[in-house]
Each structure stands twice: as structure tokens, then as C-alpha cells.
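Note: the block below is query.txt and it holds compact mmCIF, C-alpha atoms.
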```
# COMPACT_ATOMS: atom_id res chain seq x y z
CA MET K 1 7.39 -27.04 -3.68
CA THR K 2 11.02 -27.77 -4.39
CA SER K 3 12.46 -29.87 -7.17
CA THR K 4 12.97 -32.74 -4.72
CA GLY K 5 9.27 -32.98 -3.99
CA GLU K 6 9.52 -31.60 -0.47
CA VAL K 7 7.70 -28.68 1.09
CA GLU K 8 9.51 -27.03 3.98
CA GLY K 9 11.48 -30.21 4.68
CA ARG K 10 8.44 -32.53 4.56
CA ALA K 11 7.79 -35.11 1.86
CA ALA K 12 4.98 -34.17 -0.50
CA PRO K 13 1.74 -36.22 -0.18
CA PRO K 14 1.37 -38.95 -2.82
CA LEU K 15 -0.95 -38.79 -5.82
CA TRP K 16 -4.17 -36.82 -5.27
CA TRP K 17 -4.18 -36.47 -1.49
CA ALA K 18 -3.62 -33.04 -0.01
CA ARG K 19 -2.13 -34.43 3.21
CA ARG K 20 -0.35 -37.63 4.08
CA ARG K 21 -2.79 -38.42 6.88
CA ASP K 22 -5.63 -38.35 4.34
CA ALA K 23 -3.78 -40.95 2.27
CA VAL K 24 -3.20 -43.11 5.34
CA MET K 25 -6.86 -42.86 6.35
CA ASP K 26 -8.14 -43.81 2.89
CA VAL K 27 -5.75 -46.75 2.61
CA ALA K 28 -6.85 -47.97 6.05
CA LEU K 29 -10.55 -47.67 5.13
CA ALA K 30 -9.92 -49.46 1.85
CA GLY K 31 -8.20 -52.27 3.74
CA VAL K 32 -11.12 -52.66 6.13
CA SER K 33 -13.59 -52.52 3.23
CA ALA K 34 -11.58 -55.11 1.27
CA ALA K 35 -11.57 -57.44 4.27
CA GLU K 36 -15.33 -57.00 4.72
CA CYS K 37 -16.09 -57.59 1.05
CA ALA K 38 -13.74 -60.60 0.97
CA TRP K 39 -15.61 -62.11 3.93
CA GLU K 40 -18.94 -61.45 2.23
CA GLY K 41 -17.47 -62.87 -1.00
CA VAL K 42 -17.57 -66.35 0.55
CA SER K 43 -21.38 -66.26 0.78
CA PHE K 44 -21.57 -64.71 -2.67
CA ALA K 45 -19.42 -67.56 -4.09
CA HIS K 46 -21.73 -70.20 -2.56
CA ASP K 47 -24.88 -68.48 -3.86
CA ALA K 48 -23.39 -67.88 -7.32
CA GLY K 49 -21.87 -71.34 -7.60
CA ILE K 50 -18.31 -70.12 -8.20
CA PRO K 51 -15.09 -71.04 -6.43
CA VAL K 52 -14.66 -69.47 -3.02
CA ALA K 53 -11.26 -68.07 -3.99
CA VAL K 54 -12.83 -66.20 -6.87
CA GLY K 55 -15.53 -64.79 -4.61
CA VAL K 56 -12.97 -63.69 -2.01
CA LEU K 57 -10.74 -62.11 -4.68
CA PHE K 58 -13.73 -60.36 -6.21
CA GLY K 59 -14.79 -58.99 -2.81
CA ALA K 60 -11.24 -57.78 -2.04
CA VAL K 61 -11.02 -55.94 -5.34
CA VAL K 62 -14.45 -54.37 -4.85
CA GLY K 63 -13.66 -53.22 -1.32
CA SER K 64 -10.29 -51.81 -2.35
CA THR K 65 -11.98 -49.31 -4.67
CA LEU K 66 -12.75 -47.26 -1.56
CA VAL K 67 -9.20 -45.88 -1.77
CA LEU K 68 -10.45 -43.78 -4.73
CA ARG K 69 -13.22 -42.05 -2.79
CA ARG K 70 -11.57 -38.59 -2.77
CA ARG K 71 -10.49 -38.74 -6.41
CA TRP K 72 -13.50 -40.42 -8.05
CA PRO K 73 -16.41 -40.52 -5.56
CA ILE K 74 -18.94 -41.13 -8.34
CA ALA K 75 -17.14 -44.32 -9.41
CA VAL K 76 -17.03 -45.60 -5.82
CA VAL K 77 -20.80 -45.06 -5.39
CA LEU K 78 -21.51 -46.75 -8.71
CA VAL K 79 -19.43 -49.78 -7.65
CA GLY K 80 -21.39 -49.92 -4.38
CA ILE K 81 -24.69 -49.85 -6.30
CA ALA K 82 -23.44 -52.50 -8.72
CA VAL K 83 -22.45 -54.98 -5.98
CA ALA K 84 -25.59 -54.37 -3.90
CA PRO K 85 -27.29 -57.54 -5.30
CA ALA K 86 -24.27 -59.54 -4.08
CA GLU K 87 -24.99 -58.28 -0.55
CA MET K 88 -21.49 -56.91 -0.03
CA GLY K 89 -19.91 -53.48 0.32
CA PHE K 90 -21.68 -52.10 3.42
CA LEU K 91 -18.73 -49.83 4.39
CA LEU K 92 -18.07 -49.11 0.72
CA SER K 93 -21.59 -47.70 0.23
CA LEU K 94 -21.59 -45.60 3.39
CA ALA K 95 -18.13 -44.08 2.81
CA GLY K 96 -18.84 -43.60 -0.89
CA LEU K 97 -22.09 -41.68 -0.29
CA TYR K 98 -20.39 -39.52 2.36
CA SER K 99 -17.47 -38.72 0.05
CA LEU K 100 -19.83 -37.97 -2.83
CA ALA K 101 -21.94 -35.53 -0.78
CA SER K 102 -18.89 -33.74 0.67
CA SER K 103 -17.16 -33.32 -2.70
CA GLU K 104 -17.58 -30.60 -5.33
CA VAL K 105 -19.86 -32.81 -7.44
CA PRO K 106 -23.09 -31.01 -8.54
CA ARG K 107 -25.98 -31.57 -6.16
CA ARG K 108 -28.22 -33.01 -8.87
CA VAL K 109 -25.65 -35.77 -9.47
CA THR K 110 -25.44 -36.45 -5.74
CA ALA K 111 -29.24 -36.65 -5.47
CA ALA K 112 -29.49 -39.01 -8.46
CA LEU K 113 -26.80 -41.41 -7.21
CA ALA K 114 -28.14 -41.33 -3.64
CA SER K 115 -31.61 -42.19 -4.97
CA MET K 116 -30.19 -45.08 -7.02
CA SER K 117 -28.33 -46.39 -3.95
CA MET K 118 -31.49 -46.12 -1.84
CA ILE K 119 -33.55 -48.00 -4.44
CA ALA K 120 -30.88 -50.71 -4.76
CA THR K 121 -30.76 -51.13 -0.97
CA PHE K 122 -34.54 -51.22 -0.78
CA VAL K 123 -34.83 -53.91 -3.48
CA VAL K 124 -32.10 -56.09 -1.99
CA MET K 125 -33.58 -55.78 1.49
CA TYR K 126 -37.08 -56.48 0.26
CA LEU K 127 -36.07 -59.62 -1.66
CA LYS K 128 -34.00 -60.91 1.25
CA THR K 129 -36.64 -60.24 3.92
CA ARG K 130 -39.64 -61.43 1.96
CA GLY K 131 -38.62 -65.08 2.09
CA ASP K 132 -36.99 -65.12 5.53
CA VAL K 133 -39.68 -63.41 7.65
CA GLU K 134 -43.24 -64.68 7.90
CA VAL K 135 -45.00 -61.35 8.09
CA GLY K 136 -47.27 -59.33 5.88
CA PRO K 137 -46.07 -57.54 2.74
CA ALA K 138 -46.66 -54.10 4.31
CA PHE K 139 -44.24 -54.82 7.13
CA VAL K 140 -41.62 -56.05 4.67
CA VAL K 141 -42.01 -52.89 2.59
CA ALA K 142 -41.80 -50.65 5.69
CA LEU K 143 -38.76 -52.49 7.01
CA SER K 144 -36.99 -52.37 3.64
CA GLY K 145 -37.74 -48.67 3.29
CA PHE K 146 -36.50 -47.94 6.78
CA VAL K 147 -33.23 -49.80 6.18
CA ALA K 148 -32.75 -48.11 2.79
CA VAL K 149 -33.30 -44.63 4.26
CA THR K 150 -31.09 -45.39 7.28
CA LEU K 151 -28.19 -46.55 5.15
CA THR K 152 -28.47 -43.71 2.60
CA VAL K 153 -29.72 -40.45 4.14
CA PRO K 154 -27.38 -40.07 7.21
CA PRO K 155 -24.08 -40.37 5.25
CA VAL K 156 -25.41 -38.01 2.57
CA LEU K 157 -26.51 -35.40 5.12
CA LEU K 158 -23.23 -35.72 7.02
CA GLY K 159 -21.29 -35.32 3.79
CA LEU K 160 -23.28 -32.24 2.82
CA TYR K 161 -22.61 -30.67 6.22
CA VAL K 162 -18.87 -31.45 6.19
CA GLY K 163 -18.53 -30.23 2.60
CA ALA K 164 -20.31 -26.96 3.36
CA ARG K 165 -18.22 -26.45 6.48
CA ARG K 166 -15.01 -27.17 4.57
CA ARG K 167 -15.93 -24.69 1.86
CA LEU K 168 -16.79 -22.10 4.51
CA MET K 169 -13.44 -22.57 6.22
CA GLU K 170 -11.63 -22.32 2.88
CA SER K 171 -13.53 -19.13 2.10
CA LEU K 172 -12.65 -17.65 5.50
CA GLN K 173 -9.02 -18.66 5.02
CA GLU K 174 -8.94 -17.01 1.61
CA ARG K 175 -10.46 -13.86 3.08
CA ALA K 176 -7.95 -13.88 5.90
CA ASP K 177 -5.08 -14.32 3.44
CA SER K 178 -6.48 -11.55 1.25
CA LEU K 179 -6.85 -9.25 4.26
CA GLU K 180 -3.31 -10.05 5.35
CA ARG K 181 -2.01 -9.20 1.88
CA GLU K 182 -3.99 -5.95 1.87
CA LEU K 183 -2.71 -5.02 5.32
CA SER K 184 0.85 -5.77 4.23
CA LEU K 185 0.36 -3.63 1.13
CA LEU K 186 -1.13 -0.80 3.20
CA ALA K 187 1.77 -1.05 5.64
CA ASP K 188 4.25 -0.82 2.77
CA ARG K 189 2.41 2.18 1.32
CA ALA K 190 2.26 3.84 4.73
CA GLU K 191 6.00 3.34 5.14
CA GLU K 192 6.60 4.81 1.68
CA ARG K 193 4.40 7.80 2.49
CA ALA K 194 6.14 8.30 5.82
CA GLU K 195 9.53 8.18 4.11
CA TRP K 196 8.28 10.64 1.49
CA ALA K 197 6.99 12.91 4.26
CA ARG K 198 10.32 12.80 6.08
CA THR K 199 12.19 13.59 2.86
CA GLU K 200 9.78 16.42 2.06
CA GLU K 201 10.16 17.85 5.56
CA ARG K 202 13.95 17.77 5.34
CA THR K 203 13.77 19.47 1.94
CA ARG K 204 11.51 22.22 3.28
CA ILE K 205 13.71 22.85 6.29
CA ALA K 206 16.81 23.00 4.10
CA ARG K 207 15.09 25.40 1.70
CA GLU K 208 14.00 27.70 4.51
CA MET K 209 17.43 27.64 6.09
CA HIS K 210 18.94 28.50 2.74
CA ASP K 211 16.56 31.40 2.10
CA VAL K 212 16.77 32.87 5.59
CA VAL K 213 20.49 32.57 6.27
CA ALA K 214 22.06 32.80 2.81
CA HIS K 215 20.78 36.29 2.09
CA ARG K 216 22.01 37.73 5.39
CA VAL K 217 25.37 36.03 5.18
CA SER K 218 25.80 37.14 1.56
CA LEU K 219 25.27 40.75 2.55
CA MET K 220 27.70 40.32 5.43
CA VAL K 221 30.36 39.02 3.03
CA VAL K 222 29.75 41.93 0.62
CA HIS K 223 30.05 44.48 3.42
CA ALA K 224 33.13 42.73 4.81
CA ALA K 225 34.79 42.92 1.38
CA ALA K 226 33.96 46.62 1.15
CA LEU K 227 35.25 47.12 4.69
CA GLU K 228 38.54 45.47 3.78
CA ALA K 229 38.88 47.68 0.70
CA VAL K 230 38.29 51.03 2.48
CA ALA K 231 39.63 50.27 5.95
CA LEU K 232 42.79 52.37 5.49
CA LYS K 233 41.53 54.94 2.96
CA ASP K 234 38.18 55.93 4.47
CA PRO K 235 37.85 55.09 8.20
CA ALA K 236 34.36 56.64 8.41
CA ARG K 237 33.03 54.43 5.63
CA ALA K 238 34.82 51.45 7.12
CA ALA K 239 33.08 52.05 10.45
CA LYS K 240 29.74 52.31 8.64
CA ASN K 241 30.34 49.01 6.85
CA ALA K 242 31.40 47.36 10.11
CA ALA K 243 28.16 48.50 11.72
CA LEU K 244 26.20 47.09 8.78
CA VAL K 245 28.04 43.77 9.09
CA GLY K 246 27.13 43.64 12.78
CA ASP K 247 23.47 44.40 12.03
CA MET K 248 23.32 41.72 9.38
CA GLY K 249 24.92 39.19 11.71
CA ARG K 250 22.47 39.97 14.49
CA GLN K 251 19.52 39.69 12.10
CA ALA K 252 20.82 36.35 10.81
CA LEU K 253 21.23 35.05 14.36
CA THR K 254 17.76 36.26 15.32
CA GLU K 255 16.11 34.52 12.38
CA LEU K 256 18.16 31.38 13.00
CA ARG K 257 17.10 31.31 16.66
CA GLU K 258 13.46 31.74 15.68
CA MET K 259 13.71 28.84 13.24
CA LEU K 260 15.43 26.58 15.74
CA GLY K 261 12.80 27.52 18.31
CA VAL K 262 10.06 26.34 15.96
CA LEU K 263 11.92 23.09 15.29
CA ARG K 264 12.31 22.43 19.01
CA ALA K 265 8.69 23.29 19.84
CA PRO K 266 6.49 20.36 20.96
CA PRO K 267 4.14 18.86 18.34
CA LYS K 268 1.08 20.49 19.96
CA ALA K 269 2.60 23.93 19.42
CA ALA K 270 3.18 23.32 15.71
CA VAL K 271 0.50 24.15 13.19
CA ALA K 272 -0.07 22.10 10.05
CA ALA K 273 1.28 23.64 6.86
CA THR K 274 -1.25 25.14 4.50
CA ALA K 275 0.92 25.12 1.39
CA ALA K 276 0.12 22.19 -0.92
CA PRO K 277 3.11 19.86 -1.37
CA VAL K 278 4.51 19.12 -4.79
CA GLY K 279 3.77 15.46 -5.44
CA PRO K 280 1.23 12.87 -4.21
CA VAL K 281 -0.86 13.52 -1.13
CA ALA K 282 0.54 11.81 1.93
CA PRO K 283 -2.15 11.41 4.63
CA VAL K 284 0.41 10.08 7.09
CA ALA K 285 2.83 12.99 6.63
CA PRO K 286 4.05 14.41 9.94
CA VAL K 287 3.09 17.88 11.01
CA VAL K 288 5.51 20.54 9.72
CA PRO K 289 5.70 23.93 11.42
CA VAL K 290 4.20 26.76 9.41
CA ALA K 291 7.28 28.87 9.92
CA LEU K 292 9.21 26.43 7.78
CA VAL K 293 6.89 26.26 4.79
CA GLY K 294 5.12 29.57 4.75
CA GLY K 295 1.99 30.80 6.36
CA ALA K 296 3.17 31.89 9.79
CA ASP K 297 1.79 35.17 11.07
CA GLU K 298 5.27 36.39 12.08
CA GLY K 299 6.81 35.54 8.68
CA PRO K 300 8.00 38.17 6.19
CA SER K 301 5.40 40.01 4.11
CA LEU K 302 5.23 42.05 0.92
CA GLU K 303 5.63 45.26 2.91
CA GLU K 304 9.11 44.17 3.93
CA ILE K 305 10.35 43.84 0.36
CA GLU K 306 11.16 47.55 0.25
CA ALA K 307 13.34 47.16 3.35
CA LEU K 308 14.97 44.15 1.70
CA VAL K 309 15.78 46.27 -1.35
CA GLY K 310 17.17 48.98 0.95
CA GLN K 311 19.59 46.50 2.48
CA SER K 312 20.92 45.63 -0.96
CA ARG K 313 21.29 49.34 -1.75
CA ALA K 314 23.25 49.76 1.45
CA ALA K 315 25.57 46.98 0.29
CA GLY K 316 26.40 49.02 -2.83
CA MET K 317 24.00 47.45 -5.31
CA ALA K 318 22.11 49.74 -7.71
CA VAL K 319 18.56 48.52 -7.15
CA GLU K 320 15.37 50.09 -8.52
CA MET K 321 11.97 49.00 -7.21
CA VAL K 322 8.78 49.42 -9.25
CA VAL K 323 5.35 48.72 -7.74
CA GLN K 324 2.23 48.50 -9.92
CA GLY K 325 -1.33 48.30 -8.68
CA GLU K 326 -2.73 48.47 -5.20
CA GLY K 327 -1.99 45.83 -2.63
CA ALA K 328 -4.71 43.56 -1.31
CA ALA K 329 -5.18 41.13 1.56
CA TYR K 330 -3.06 38.14 0.60
CA ALA K 331 -2.72 34.85 2.35
CA ALA K 332 0.31 34.69 4.65
CA GLU K 333 1.98 31.93 2.65
CA VAL K 334 1.59 33.97 -0.56
CA GLU K 335 3.30 37.02 0.97
CA GLN K 336 6.07 34.94 2.50
CA THR K 337 6.73 33.10 -0.78
CA ALA K 338 6.85 36.39 -2.71
CA TYR K 339 9.30 37.79 -0.18
CA ARG K 340 11.54 34.71 -0.37
CA VAL K 341 11.59 34.81 -4.18
CA VAL K 342 12.74 38.43 -4.21
CA GLN K 343 15.22 37.77 -1.40
CA GLU K 344 16.83 34.80 -3.15
CA ALA K 345 16.92 36.64 -6.49
CA LEU K 346 18.75 39.58 -4.88
CA THR K 347 21.15 37.17 -3.19
CA ASN K 348 21.96 35.66 -6.59
CA CYS K 349 22.58 39.14 -7.94
CA HIS K 350 25.11 39.74 -5.16
CA LYS K 351 26.80 36.44 -5.94
CA HIS K 352 26.82 36.35 -9.71
CA ALA K 353 26.29 39.93 -10.91
CA PRO K 354 28.28 42.36 -8.75
CA GLY K 355 28.01 45.91 -10.04
CA ALA K 356 25.05 45.15 -12.29
CA ARG K 357 21.93 47.31 -12.22
CA VAL K 358 18.92 45.47 -10.75
CA VAL K 359 15.23 46.18 -11.19
CA VAL K 360 12.65 44.70 -8.80
CA ARG K 361 9.07 44.80 -10.07
CA LEU K 362 6.02 43.99 -7.97
CA ALA K 363 2.60 43.98 -9.66
CA HIS K 364 -0.71 43.61 -7.84
CA ARG K 365 -3.24 42.20 -10.29
CA GLN K 366 -6.76 40.89 -10.05
CA GLY K 367 -6.56 37.46 -8.53
CA GLU K 368 -2.75 37.25 -8.45
CA VAL K 369 0.48 38.99 -7.53
CA ALA K 370 3.53 38.99 -9.79
CA MET K 371 7.16 39.73 -9.02
CA GLN K 372 10.22 40.03 -11.20
CA VAL K 373 13.89 40.61 -10.42
CA GLU K 374 16.07 41.43 -13.42
CA ASN K 375 19.70 42.40 -13.49
CA GLY K 376 21.64 43.89 -16.36
CA PRO K 377 25.05 42.82 -17.65
CA CYS K 378 27.63 42.19 -14.96
CA GLU K 379 30.10 45.10 -14.82
CA GLY K 380 32.37 43.46 -12.28
CA GLN K 381 33.93 40.06 -11.87
CA ALA K 382 31.40 37.41 -10.90
CA ASP K 383 31.96 35.93 -7.46
CA ALA K 384 34.61 38.58 -6.83
CA VAL K 385 33.81 38.52 -3.12
CA GLY K 386 34.05 34.74 -2.95
CA LEU K 387 30.39 33.95 -2.16
CA PRO K 388 29.80 30.20 -2.33
CA SER K 389 26.82 28.86 -4.28
CA GLY K 390 24.91 25.74 -3.32
CA GLY K 391 23.08 25.56 -6.62
CA ASN K 392 19.69 25.26 -4.89
CA GLY K 393 18.45 28.83 -5.07
CA LEU K 394 16.44 28.57 -8.28
CA VAL K 395 15.26 25.10 -7.34
CA GLY K 396 13.96 26.32 -3.99
CA MET K 397 12.16 29.27 -5.57
CA ARG K 398 10.52 27.03 -8.14
CA GLU K 399 9.35 24.58 -5.46
CA ARG K 400 7.86 27.38 -3.37
CA VAL K 401 5.98 28.94 -6.28
CA LEU K 402 4.72 25.67 -7.79
CA GLY K 403 3.69 24.50 -4.34
CA LEU K 404 1.14 27.35 -4.25
CA GLY K 405 -0.07 26.68 -7.78
CA GLY K 406 1.86 29.58 -9.31
CA VAL K 407 4.12 30.03 -12.33
CA PHE K 408 7.90 30.41 -12.15
CA VAL K 409 10.23 31.34 -15.03
CA SER K 410 13.96 32.12 -14.91
CA GLY K 411 16.67 32.55 -17.48
CA PRO K 412 19.14 34.90 -19.18
CA THR K 413 17.96 38.03 -20.98
CA ASP K 414 18.87 39.25 -24.45
CA ALA K 415 20.87 42.13 -22.92
CA GLY K 416 23.20 39.70 -21.13
CA GLY K 417 21.58 39.78 -17.72
CA PHE K 418 19.33 37.39 -15.85
CA ARG K 419 15.64 37.48 -15.01
CA VAL K 420 13.56 35.73 -12.38
CA SER K 421 9.76 35.96 -12.66
CA ALA K 422 7.00 34.46 -10.55
CA VAL K 423 3.20 34.74 -10.47
CA LEU K 424 1.27 33.65 -7.38
CA PRO K 425 -2.51 33.25 -7.08
CA LEU K 426 -4.18 35.12 -4.25
CA ARG K 427 -5.62 31.90 -2.79
```

Can you present the structure in this file as C-alpha cells?
Amino acid sequence: MTSTGEVEGRAAPPLWWARRRDAVMDVALAGVSAAECAWEGVSFAHDAGIPVAVGVLFGAVVGSTLVLRRRWPIAVVLVGIAVAPAEMGFLLSLAGLYSLASSEVPRRVTAALASMSMIATFVVMYLKTRGDVEVGPAFVVALSGFVAVTLTVPPVLLGLYVGARRRLMESLQERADSLERELSLLADRAEERAEWARTEERTRIAREMHDVVAHRVSLMVVHAAALEAVALKDPARAAKNAALVGDMGRQALTELREMLGVLRAPPKAAVAATAAPVGPVAPVAPVVPVALVGGADEGPSLEEIEALVGQSRAAGMAVEMVVQGEGAAYAAEVEQTAYRVVQEALTNCHKHAPGARVVVRLAHRQGEVAMQVENGPCEGQADAVGLPSGGNGLVGMRERVLGLGGVFVSGPTDAGGFRVSAVLPLR
């Protein structure tokens, strides 16, 4: 409701009425009842020995009380009972009993007032009929009882039915409104989950693209820098570096084609990811190819880490690999995550610690596998080969490890180097 008393451009209903048509109906009924009682007030004035004008005015006032039937139904019924001896208020009694029964008044109050109205009607009918009809007392009693029941029970029963039906409709409307609110809330939540799923999918694709392409391209840049340095002095070494650059480029293109092929595959060909996402569960999340999040059968494994280290050695990095324990059957996503962690850590060594000595440790333990990549102090100039850094390498590694329920720690060492450590559970 606005400050002007209008709801959606319509004037608000007056006083206690919920709708304007209810107010119009009650005013019309009160007018008819006032006219009836005023007409019956003439006879009442003659019987009571008062002026006719007083009787008519009294009847009009009594009949007009029907306008209060929705607000104070008990008062209207009591007025009808009070004027019953004056033989006026026929419409007032009927409408009052109906309004009383259909209202929210307790049933015991309705029963008590209906009984009082029935007794008053019975007494008035009995006294009026006893002197006018020359029949036996039993007939007068039966006739008075019939009239009293006829004028009392039907409006009460009709009011009870209408009141129960109105309450049922209000209850159904409330349920419908509640269901609509719940559906709207569920729709909003579903939209939020879908947006979260889309964001998560984009993040996973970007992380995989970064891990797959950045390492190959970084090695290509390192070899290209070495090729530029020795091109004139050592043609044989330059040719070797050129061949390595070509190999790295072909491998990067192959992996990029495989990734794009998975992205372009139809939904039926994609398999749901098995890695648990970081954050709330989203039942409506779209299907993400396994190749993007880990778990694909053709993805990298722990056995390929040695070849990964060999590629860094070929690029001129002093890398030592230490393996502890015996390997076991790991889940595909565990092996792929371990591979990506070592790959990204070596890429960071190429970018930020050229010439530093690097140690790669891989430990197979009971129930978990641990990996650590640690480089010593940088002997050369960081970023000497001009490798760009997106700043997402450590973030991506942390997301991968935490997504599998593992532990990830990274930071500088006391010797001036940098260490990346991760522990992954077997399952």
C-alpha cells in the first residue's frame, strides 16, 4: 500500500472491509434491513403505545446495525435476539447468524448464540400463535419449534460451510504462495550453482592449458636462447638445440590438439570428473571431461616424471631425481596431479632460477605419495631468457592437490632457494 492509500492504482477499501464490493454489499443489506425494521416499527409503535416516528426511527437504527456483521458479528446477533420480542429484524437475524457462523468466532460461542436466537424465536412464535390459532397446544409447540429451527439452523449451517471453504481456500493459497517462493528460491540457487559450475569449469580448463602448454613453451624458449648463443660458435650444438626446439613444439601442438579434441567432443563422449571440487557441491554442475581435471587413462603418469626430468636436463638444467620406496597402483587422477606438480615446479625453476641446481624427490609411502622439487640459489639472472609469468602456477598446483584431499606447501628455503612440496593420498 502506498502513502496515498492506493494499491496498484486502485483506492483502498474503507474501514474493515477487505474489498470494496464487500462494503457495497453490506451497506446494501443494511439498507434493506433498515427499511424492513422501519416498516415493522410501525406495528411495534402501535403495540407499545409510542409515536410512530419513534418506532420507525428505532427500527431503522436496529436494521442498520447489519452493516457491522463482518466486524462485530456477535453484536449483530445479540441485537437480533434483543429485538425479537418486537417482532422485527427478520433479515437482521438471518444475516447475523450466517456471518457469525462463517467468522473466526469460537464454535462454542456460535452454538450458544444460535441456541439463544432459536429460543427467542420459539418463544415469540409460540406467544403469537397461541392466541391467533384455535388449535391444541401440541400443534402450537410443534409449529413454533419448526419455525425456530427453520430460521436458525440453515443460516448457521451455510455459514459454517462457507467459513470452512474460505479457510480451505486461504490455506491452499498460502501453500501455493509458499511453493512459489520455494521454487523461486530453488531456481535462484540452481542458477548460482550453474554459474559456479561454469566458473569452475573455466578455471579447470585454464589450469590444464597452463600446465600442459607452459612447460613445453618454456623449454622451447630456453633452447631457443641457447641456440641463439651458440649459433655461430658451435654449429653442431646449435643444430641439436634446433632439433630439441622442434621436438618440444611438436609435443606442445600434440597435447594442445588432444585437449581441444576433448573440448569439442560431444557430451556423451565426455566422462564425469572424479576429482572432488574445492568448494560446495554443485549437483547441477555440467559434465567436465576427465582429461581436463585429471583421471583420464591417456593422461601423464608417475613413470613419465623421469622423462620430464630428462627434458629439463637436455635444456641445460642440473636436475637430480631421487625416488624412495616402491611404486604402487595409484588412481589415475593422483598420478596425473603428481606429474603436473613436478612439471609446473620445473617450469618455475626454468623461469625464476636459471643455473640453479634442482632436486626432484618422489617418495612412495603407505597410503600416500609425496613429491618435492627444490632448487638452490640462483646462479644466473632470473628471467634472463624472458619467460613470462602468469602468476597462476602455484595457485594451480595448490588447487589440484587440495582438490584430491592432499597437502601442499611452497616457499623459500634457508639456503636462498625455493621448495615445492605436495602429499597426495592414494585414494

From the set K:Ala28, K:Val245, K:Cys37, K:Leu143, which residue has the shortest atom-to-atom contact distance to K:Phe122, counting only C-alpha atoms?
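Looking at the shortest contact to K:Phe122, the residue is K:Leu143.
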
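Between K:Thr337 and the residues K:Trp17, K:Phe408, K:Trp196, K:Phe90, the shortest atom-to-atom distance, using all atoms listed in the file, involves K:Phe408.
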
I'd like the interatomic distance between atom CA of K:Val358 and atom CA of K:Arg340, to a tenth of an Å.
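About the pair atom CA of K:Val358 and atom CA of K:Arg340: they are 16.7 Å apart.
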
Have a look at atom CA of K:Gly31 and atom CA of K:Ala111 and let me know their distance in Å, one decimal.
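For atom CA of K:Gly31 relative to atom CA of K:Ala111, the distance reads 27.8 Å.
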
Find the distance between atom CA of K:His352 and atom CA of K:Ala225 and write it in Å to one decimal.
15.2 Å

For K:Met25, which of K:Ala95, K:Met169, K:Leu185, K:Ile74 is the closest residue, counting all atoms listed in the file?
K:Ala95

Might you pull out every residue within 12 Å of K:Ala38, with all atoms listed in the file counted and same-chain residues fewer than 2 positions away left off, and present them as a ChimeraX atom specification?
/K:30-36,40-45,52-64,86-90
